[in-house]
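Undergrad: Got run_34.txt for you, compact mmCIF, C-alpha atoms:
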# COMPACT_ATOMS: atom_id res chain seq x y z
CA MET A 1064 125.05 26.94 147.65
CA LYS A 1065 125.19 23.16 148.13
CA LEU A 1066 122.48 21.11 146.47
CA ALA A 1067 120.59 18.37 148.28
CA ALA A 1068 121.18 14.81 147.16
CA GLU A 1069 117.96 14.58 145.12
CA LEU A 1070 118.89 17.72 143.19
CA LYS A 1071 122.42 16.49 142.55
CA ALA A 1072 120.86 13.34 141.15
CA LEU A 1073 118.55 15.45 138.98
CA GLU A 1074 121.55 17.39 137.68
CA ALA A 1075 123.08 14.09 136.61
CA ARG A 1076 119.90 13.02 134.82
CA LEU A 1077 119.73 16.41 133.09
CA GLY A 1078 123.35 16.14 132.02
CA TYR A 1079 123.90 19.72 133.13
CA ARG A 1080 125.73 21.16 136.14
CA PHE A 1081 124.47 24.48 137.47
CA GLN A 1082 126.84 27.35 138.21
CA GLN A 1083 123.97 28.99 140.10
CA PRO A 1084 122.31 26.06 141.89
CA GLU A 1085 119.70 28.34 143.42
CA LEU A 1086 118.09 28.47 139.97
CA LEU A 1087 117.49 24.74 140.02
CA VAL A 1088 116.07 24.97 143.53
CA ARG A 1089 113.63 27.63 142.38
CA ALA A 1090 112.71 25.60 139.27
CA VAL A 1091 111.53 22.64 141.35
CA THR A 1092 109.70 24.71 144.00
CA HIS A 1093 105.94 24.63 143.56
CA SER A 1094 103.79 27.58 144.63
CA SER A 1095 102.48 25.49 147.54
CA MET A 1096 105.98 25.81 149.06
CA SER A 1097 106.61 29.48 148.31
CA SER A 1098 107.14 32.03 151.08
CA PRO A 1099 108.58 35.53 151.48
CA THR A 1100 112.03 33.96 151.59
CA ARG A 1101 111.45 31.16 149.04
CA SER A 1102 110.51 31.85 145.40
CA ASP A 1103 108.42 29.39 143.42
CA ASN A 1104 108.83 28.32 139.80
CA GLN A 1105 105.96 30.22 138.16
CA ARG A 1106 108.06 33.00 136.61
CA LEU A 1107 110.60 30.47 135.39
CA GLU A 1108 107.79 28.41 133.86
CA PHE A 1109 106.70 31.46 131.85
CA LEU A 1110 110.22 31.96 130.49
CA GLY A 1111 110.89 28.28 129.88
CA ASP A 1112 107.76 27.94 127.76
CA ARG A 1113 109.12 30.62 125.41
CA VAL A 1114 112.61 29.13 125.24
CA LEU A 1115 111.16 25.70 124.48
CA GLY A 1116 108.98 27.20 121.77
CA LEU A 1117 111.88 28.85 119.97
CA VAL A 1118 114.09 25.77 120.14
CA MET A 1119 111.31 23.46 118.96
CA ALA A 1120 110.27 25.77 116.11
CA GLU A 1121 113.83 25.63 114.80
CA ALA A 1122 114.03 21.87 115.38
CA VAL A 1123 110.89 21.00 113.38
CA LEU A 1124 112.06 23.25 110.54
CA GLU A 1125 115.40 21.47 110.41
CA ALA A 1126 113.81 18.01 110.73
CA ASP A 1127 111.78 18.48 107.53
CA THR A 1128 113.02 21.15 105.14
CA GLN A 1129 110.15 20.50 102.70
CA ALA A 1130 107.23 20.75 105.12
CA THR A 1131 104.66 23.50 104.76
CA GLU A 1132 103.59 25.76 107.62
CA GLY A 1133 100.36 23.79 107.81
CA GLN A 1134 102.35 20.60 108.40
CA LEU A 1135 104.85 22.16 110.80
CA ALA A 1136 102.37 23.83 113.15
CA PRO A 1137 100.66 20.66 114.44
CA ARG A 1138 104.04 18.93 114.89
CA PHE A 1139 105.29 21.92 116.87
CA ASN A 1140 102.16 21.97 119.02
CA ALA A 1141 102.48 18.25 119.76
CA LEU A 1142 106.07 18.72 120.96
CA VAL A 1143 105.57 21.76 123.22
CA ARG A 1144 102.17 21.06 124.79
CA LYS A 1145 101.95 20.37 128.51
CA GLU A 1146 101.52 16.62 128.01
CA ALA A 1147 104.81 16.41 126.08
CA CYS A 1148 106.63 18.38 128.78
CA ALA A 1149 105.19 16.08 131.45
CA GLU A 1150 106.33 12.99 129.52
CA VAL A 1151 109.88 14.33 129.40
CA ALA A 1152 109.67 15.20 133.10
CA ARG A 1153 108.70 11.59 133.84
CA ASP A 1154 111.63 10.34 131.75
CA ILE A 1155 114.06 12.20 134.03
CA VAL A 1156 112.06 11.43 137.19
CA LEU A 1157 111.62 15.13 137.85
CA GLY A 1158 108.76 14.44 140.23
CA ASP A 1159 111.14 13.04 142.84
CA ALA A 1160 112.89 16.41 143.12
CA LEU A 1161 109.81 18.65 143.35
CA LYS A 1162 109.41 20.75 146.47
CA LEU A 1163 105.72 20.64 147.37
CA GLY A 1164 103.53 21.77 150.22
CA ARG A 1165 102.02 19.06 152.41
CA SER A 1166 98.54 19.17 150.85
CA GLU A 1167 99.92 19.02 147.31
CA MET A 1168 102.22 16.17 148.27
CA MET A 1169 99.40 14.21 149.90
CA SER A 1170 97.25 14.57 146.77
CA GLY A 1171 99.91 13.01 144.56
CA GLY A 1172 101.42 16.22 143.21
CA ARG A 1173 104.64 14.50 142.16
CA ARG A 1174 102.67 12.61 139.50
CA LYS A 1175 100.31 15.36 138.33
CA LEU A 1176 100.63 16.18 134.66
CA ALA A 1177 100.27 19.95 135.11
CA LEU A 1178 102.85 20.16 137.91
CA LEU A 1179 105.36 18.04 135.99
CA GLY A 1180 104.86 20.00 132.77
CA ASP A 1181 105.23 23.34 134.53
CA ALA A 1182 108.34 22.20 136.39
CA MET A 1183 109.93 20.95 133.17
CA GLU A 1184 109.47 24.37 131.59
CA ALA A 1185 110.92 25.98 134.73
CA VAL A 1186 114.00 23.74 134.56
CA ILE A 1187 114.53 24.78 130.94
CA ALA A 1188 114.42 28.42 132.01
CA ALA A 1189 116.84 27.74 134.86
CA VAL A 1190 119.36 26.24 132.42
CA TYR A 1191 118.83 29.18 130.05
CA LEU A 1192 119.52 31.73 132.79
CA ASP A 1193 122.47 29.76 134.13
CA GLY A 1194 124.22 28.78 130.91
CA GLY A 1195 122.64 30.74 128.08
CA PHE A 1196 120.57 29.83 125.05
CA ASP A 1197 122.98 27.24 123.64
CA ALA A 1198 122.95 25.29 126.92
CA ALA A 1199 119.14 25.35 127.04
CA LYS A 1200 118.91 24.30 123.39
CA ALA A 1201 121.30 21.39 123.94
CA LEU A 1202 119.26 20.26 126.96
CA ILE A 1203 115.96 20.37 125.06
CA ILE A 1204 117.28 18.54 122.01
CA ARG A 1205 118.82 15.88 124.24
CA LEU A 1206 115.73 15.34 126.39
CA TRP A 1207 113.14 15.48 123.60
CA GLY A 1208 115.42 13.33 121.44
CA GLY A 1209 113.63 11.04 119.02
CA ARG A 1210 110.27 12.69 119.69
CA ILE A 1211 111.27 15.45 117.28
CA HIS A 1212 111.65 13.06 114.36
CA GLN A 1213 108.99 10.59 115.41
CA VAL A 1214 106.14 13.07 115.80
CA GLU A 1215 103.49 12.09 113.28
CA ALA A 1216 104.08 13.74 109.92
CA ASP A 1217 100.41 14.64 109.70
CA ALA A 1218 100.01 15.41 113.40
CA ARG A 1219 96.80 17.36 113.85
CA ASP A 1220 94.77 18.58 116.76
CA ALA A 1221 91.97 16.00 116.62
CA LYS A 1222 89.34 18.37 118.04
CA THR A 1223 90.15 20.96 115.37
CA SER A 1224 90.09 18.34 112.64
CA LEU A 1225 86.71 17.04 113.82
CA GLN A 1226 85.30 20.56 113.91
CA GLU A 1227 86.57 21.16 110.36
CA TRP A 1228 84.94 17.88 109.26
CA ALA A 1229 81.63 19.02 110.75
CA GLN A 1230 81.85 22.52 109.26
CA ALA A 1231 82.54 21.08 105.79
CA ARG A 1232 79.22 19.24 106.06
CA LYS A 1233 77.36 22.24 107.50
CA LEU A 1234 76.98 20.58 110.91
CA PRO A 1235 77.24 22.43 114.26
CA PRO A 1236 80.55 22.06 116.17
CA PRO A 1237 81.05 18.76 118.04
CA GLN A 1238 79.91 18.57 121.64
CA TYR A 1239 81.96 16.92 124.41
CA GLU A 1240 80.31 15.28 127.41
CA THR A 1241 82.01 13.95 130.52
CA ILE A 1242 80.64 10.43 130.96
CA SER A 1243 82.54 9.54 134.11
CA ARG A 1244 85.47 10.35 136.35
CA SER A 1245 87.17 7.61 138.31
CA GLY A 1246 90.38 6.90 140.17
CA PRO A 1247 92.09 8.79 143.01
CA ASP A 1248 92.68 12.55 142.90
CA HIS A 1249 96.34 12.13 141.99
CA ALA A 1250 95.60 9.76 139.09
CA PRO A 1251 92.09 10.46 137.75
CA VAL A 1252 90.61 8.81 134.66
CA PHE A 1253 88.12 10.81 132.61
CA THR A 1254 85.79 9.23 130.06
CA ILE A 1255 84.56 11.72 127.47
CA ALA A 1256 82.10 11.34 124.61
CA ALA A 1257 82.48 13.35 121.40
CA ARG A 1258 79.11 13.81 119.66
CA LEU A 1259 77.97 15.25 116.35
CA LYS A 1260 74.50 16.55 115.50
CA ASN A 1261 74.07 13.75 112.94
CA GLY A 1262 74.08 11.18 115.77
CA GLU A 1263 77.66 9.98 115.36
CA SER A 1264 79.65 9.66 118.60
CA ALA A 1265 82.70 8.01 120.18
CA GLU A 1266 84.10 7.71 123.68
CA ALA A 1267 87.64 7.63 125.07
CA SER A 1268 89.37 7.69 128.45
CA ALA A 1269 92.54 9.44 129.60
CA GLY A 1270 94.19 11.01 132.63
CA SER A 1271 92.96 14.53 131.87
CA LYS A 1272 89.85 16.00 130.28
CA ARG A 1273 91.92 17.52 127.51
CA GLN A 1274 93.55 14.23 126.61
CA ALA A 1275 90.24 12.37 126.79
CA GLU A 1276 88.53 14.92 124.54
CA GLN A 1277 91.34 14.67 122.01
CA ALA A 1278 91.21 10.87 122.11
CA ALA A 1279 87.42 10.85 121.70
CA ALA A 1280 87.66 13.26 118.76
CA LYS A 1281 90.31 11.08 117.12
CA ALA A 1282 88.25 7.94 117.67
CA LEU A 1283 85.24 9.59 116.06
CA LEU A 1284 87.31 10.89 113.13
CA ASP A 1285 88.77 7.42 112.55
CA ARG A 1286 85.26 5.95 112.53
CA LEU A 1287 83.94 8.58 110.11
CA GLU A 1288 86.89 8.25 107.74
CA ALA A 1289 86.54 4.45 107.70
CA LYS A 1290 83.00 4.67 106.33
Now, as a test, write the supplied structure out as structure tokens.
TA:
Amino acid sequence: MKLAAELKALEARLGYRFQQPELLVRAVTHSSMSSPTRSDNQRLEFLGDRVLGLVMAEAVLEADTQATEGQLAPRFNALVRKEACAEVARDIVLGDALKLGRSEMMSGGRRKLALLGDAMEAVIAAVYLDGGFDAAKALIIRLWGGRIHQVEADARDAKTSLQEWAQARKLPPPQYETISRSGPDHAPVFTIAARLKNGESAEASAGSKRQAEQAAAKALLDRLEAK
């Protein structure tokens, strides 16, 4: 099977040449382009998520041999979450190679965080099936690169930390309110407020509700800890 020019270029950016190029084709095919004769990348995404998890668990252990499980878990989560996968996908311009249906393409699918993150996991699975675990591990370590060592030593899920702060003071869990949504469908901006029962609150904006909630929780935590 001969790869199209954009997929040959993606191979070069990945630093990996496929022996079974049909795996790469499937990895970049979104469900909006699937058909009885064309498989999409959803099953590969499922597998790639697990391969990434194993590689990253080993990587964070090796990066800090003294860290406790409580320190390792948030670092691991920061490196494997969908946002991290999408960032890596943007680094290798994976969006340019995605095969999308017309409606998904018109709505800016090549730049959507979820689509990029899913496709990145599918590409990892494709490399794993094509070249084995060592090839997939080498790809992940190369693409994630400095992120593994630069992830904050005390990386925490801000929403969890804020909830723990509230519980320690016998307050109800924080509430999150969508203040506004702006921007086009392919690049939305959400503004979220994190509120506590004691009247404390903070707002933040990001390209997804999840990111905005995390940013708002962090902003509120920073404010509370500064008092």
Undergrad: Tell me, as a ChimeraX atom specification, which residues lie within 10 Å of Leu1234 in chain A, counting only C-alpha atoms; anything in the same chain fewer than 4 positions away does not count.
TA: /A:1226-1230,1259-1261
Undergrad: Mind giving me the straight-line distance from CA of Ala1182 in chain A to CA of Glu1108 in chain A in Å, one decimal?
TA: 6.7 Å
Undergrad: Name all residues at most 8 Å from Gly1164 in chain A (count all atoms listed in the file; drop same-chain ones fewer than 2 positions away) and give them as an mmCIF file with C-alpha atoms, in the coordinates of the input.
TA:
data_model
loop_
_atom_site.group_PDB
_atom_site.id
_atom_site.type_symbol
_atom_site.label_atom_id
_atom_site.label_comp_id
_atom_site.auth_asym_id
_atom_site.auth_seq_id
_atom_site.Cartn_x
_atom_site.Cartn_y
_atom_site.Cartn_z
ATOM 1 C CA HIS A 1093 105.940 24.630 143.560
ATOM 2 C CA SER A 1095 102.480 25.490 147.540
ATOM 3 C CA MET A 1096 105.980 25.810 149.060
ATOM 4 C CA LYS A 1162 109.410 20.750 146.470
ATOM 5 C CA SER A 1166 98.540 19.170 150.850
ATOM 6 C CA GLU A 1167 99.920 19.020 147.310
ATOM 7 C CA MET A 1168 102.220 16.170 148.270
#
Undergrad: Within 10 Å of Tyr1191 in chain A, counting all atoms listed in the file, which residues show up once you throw out same-chain ones fewer than 2 positions away? Write them as an MDAnalysis selection string, please.
TA: chainID A and resid 1086 1107 1110:1111 1114 1185:1189 1193:1200 1202
Undergrad: Have a look at CA of Arg1076 in chain A and CA of Val1091 in chain A and let me know their distance in Å, one decimal.
TA: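 Value for the CA of Arg1076 in chain A-CA of Val1091 in chain A distance: 14.3 Å.
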Undergrad: What lies within 9 Å of Gly1270 in chain A using all atoms listed in the file, ignoring chain neighbours under 3 positions off, as a PyMOL selection string?
TA: chain A and resi 1176+1250-1254+1273-1275
Undergrad: Can I get the selection written as a PDB file, in the coordinates of the input, with C-alpha atoms?
TA:
ATOM      1  CA  LEU A1176     100.630  16.180 134.660  1.00  0.00           C
ATOM      2  CA  ALA A1250      95.600   9.760 139.090  1.00  0.00           C
ATOM      3  CA  PRO A1251      92.090  10.460 137.750  1.00  0.00           C
ATOM      4  CA  VAL A1252      90.610   8.810 134.660  1.00  0.00           C
ATOM      5  CA  PHE A1253      88.120  10.810 132.610  1.00  0.00           C
ATOM      6  CA  THR A1254      85.790   9.230 130.060  1.00  0.00           C
ATOM      7  CA  ARG A1273      91.920  17.520 127.510  1.00  0.00           C
ATOM      8  CA  GLN A1274      93.550  14.230 126.610  1.00  0.00           C
ATOM      9  CA  ALA A1275      90.240  12.370 126.790  1.00  0.00           C
TER      10      ALA A1275
END
Undergrad: Which residue is closest to Leu1157 in chain A? Choose from A:Arg1210, A:Arg1138, A:Arg1174, A:Arg1205 and count only C-alpha atoms.
TA: A:Arg1174
Undergrad: Mind checking which residues fall within 10 Å of Ala1279 in chain A, counting only C-alpha atoms, ignoring those fewer than 3 positions away in the same chain, and posting them as a list of chain:residue names?
TA: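 So the residues in contact are A:Ala1221, A:Lys1222, A:Tyr1239, A:Thr1254, A:Ile1255, A:Ala1256, A:Ala1257, A:Arg1258, A:Ser1264, A:Ala1265, A:Glu1266, A:Ala1267, A:Ser1268, A:Ala1269, A:Arg1273, A:Gln1274, A:Ala1275, A:Glu1276, A:Ala1282, A:Leu1283, A:Leu1284, A:Asp1285.
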Undergrad: Here is a test: counting all atoms listed in the file, which residue of A:Ala1160, A:Leu1179, A:Val1143, A:Ile1242 is nearest to Arg1113 in chain A?
TA: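 Of the candidates, the smallest distance to Arg1113 in chain A is held by A:Val1143.
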Undergrad: What's the separation between CA of Lys1272 in chain A and CA of Ser1243 in chain A, in Å to one decimal place?
TA: 10.5 Å
Undergrad: Would you mind telling me which residue in A:Thr1092, A:His1212, A:Pro1084, A:Gly1262 lies nearest to Gly1172 in chain A when using only C-alpha atoms?
TA: A:Thr1092
Undergrad: Would you please work out which residue, of A:Leu1178, A:Ile1203, A:Leu1225, A:Ala1231, is nearest to His1249 in chain A when using only C-alpha atoms?
TA: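 Closest candidate: A:Leu1178.
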Undergrad: Do you know which residues lie at most 8 Å from (115.0, 32.1, 144.6), with coordinates as in the file and only C-alpha atoms counted, and could you write them as an mmCIF file with C-alpha atoms, in the frame of the given file?
TA:
data_model
loop_
_atom_site.group_PDB
_atom_site.id
_atom_site.type_symbol
_atom_site.label_atom_id
_atom_site.label_comp_id
_atom_site.auth_asym_id
_atom_site.auth_seq_id
_atom_site.Cartn_x
_atom_site.Cartn_y
_atom_site.Cartn_z
ATOM 1 C CA GLU A 1085 119.700 28.340 143.420
ATOM 2 C CA LEU A 1086 118.090 28.470 139.970
ATOM 3 C CA VAL A 1088 116.070 24.970 143.530
ATOM 4 C CA ARG A 1089 113.630 27.630 142.380
ATOM 5 C CA THR A 1100 112.030 33.960 151.590
ATOM 6 C CA ARG A 1101 111.450 31.160 149.040
ATOM 7 C CA SER A 1102 110.510 31.850 145.400
ATOM 8 C CA ASP A 1103 108.420 29.390 143.420
#
Undergrad: Which of these, A:Pro1099, A:Lys1175, A:Asp1220, A:Ala1068, has the shortest distance to Phe1139 in chain A once you count all atoms listed in the file?
TA: A:Asp1220
Undergrad: Name the closest residue to Ser1097 in chain A among the candidates A:Val1190, A:Ala1289, A:Leu1163, A:Ala1130; distances are taken between atoms, counting only C-alpha atoms.
TA: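 So, comparing all the options, the nearest one is A:Leu1163.
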Undergrad: Identify the residues within 12 Å of coordinate (110.5, 11.8, 115.0) (same frame as the file), considering only C-alpha atoms, and give the answer as a list in words.
TA: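 Output: Ala1122, Val1123, Glu1125, Ala1126, Asp1127, Arg1138, Phe1139, Ala1141, Leu1142, Ile1204, Trp1207, Gly1208, Gly1209, Arg1210, Ile1211, His1212, Gln1213, Val1214, Glu1215, Ala1216, Asp1217 and Ala1218 of chain A.
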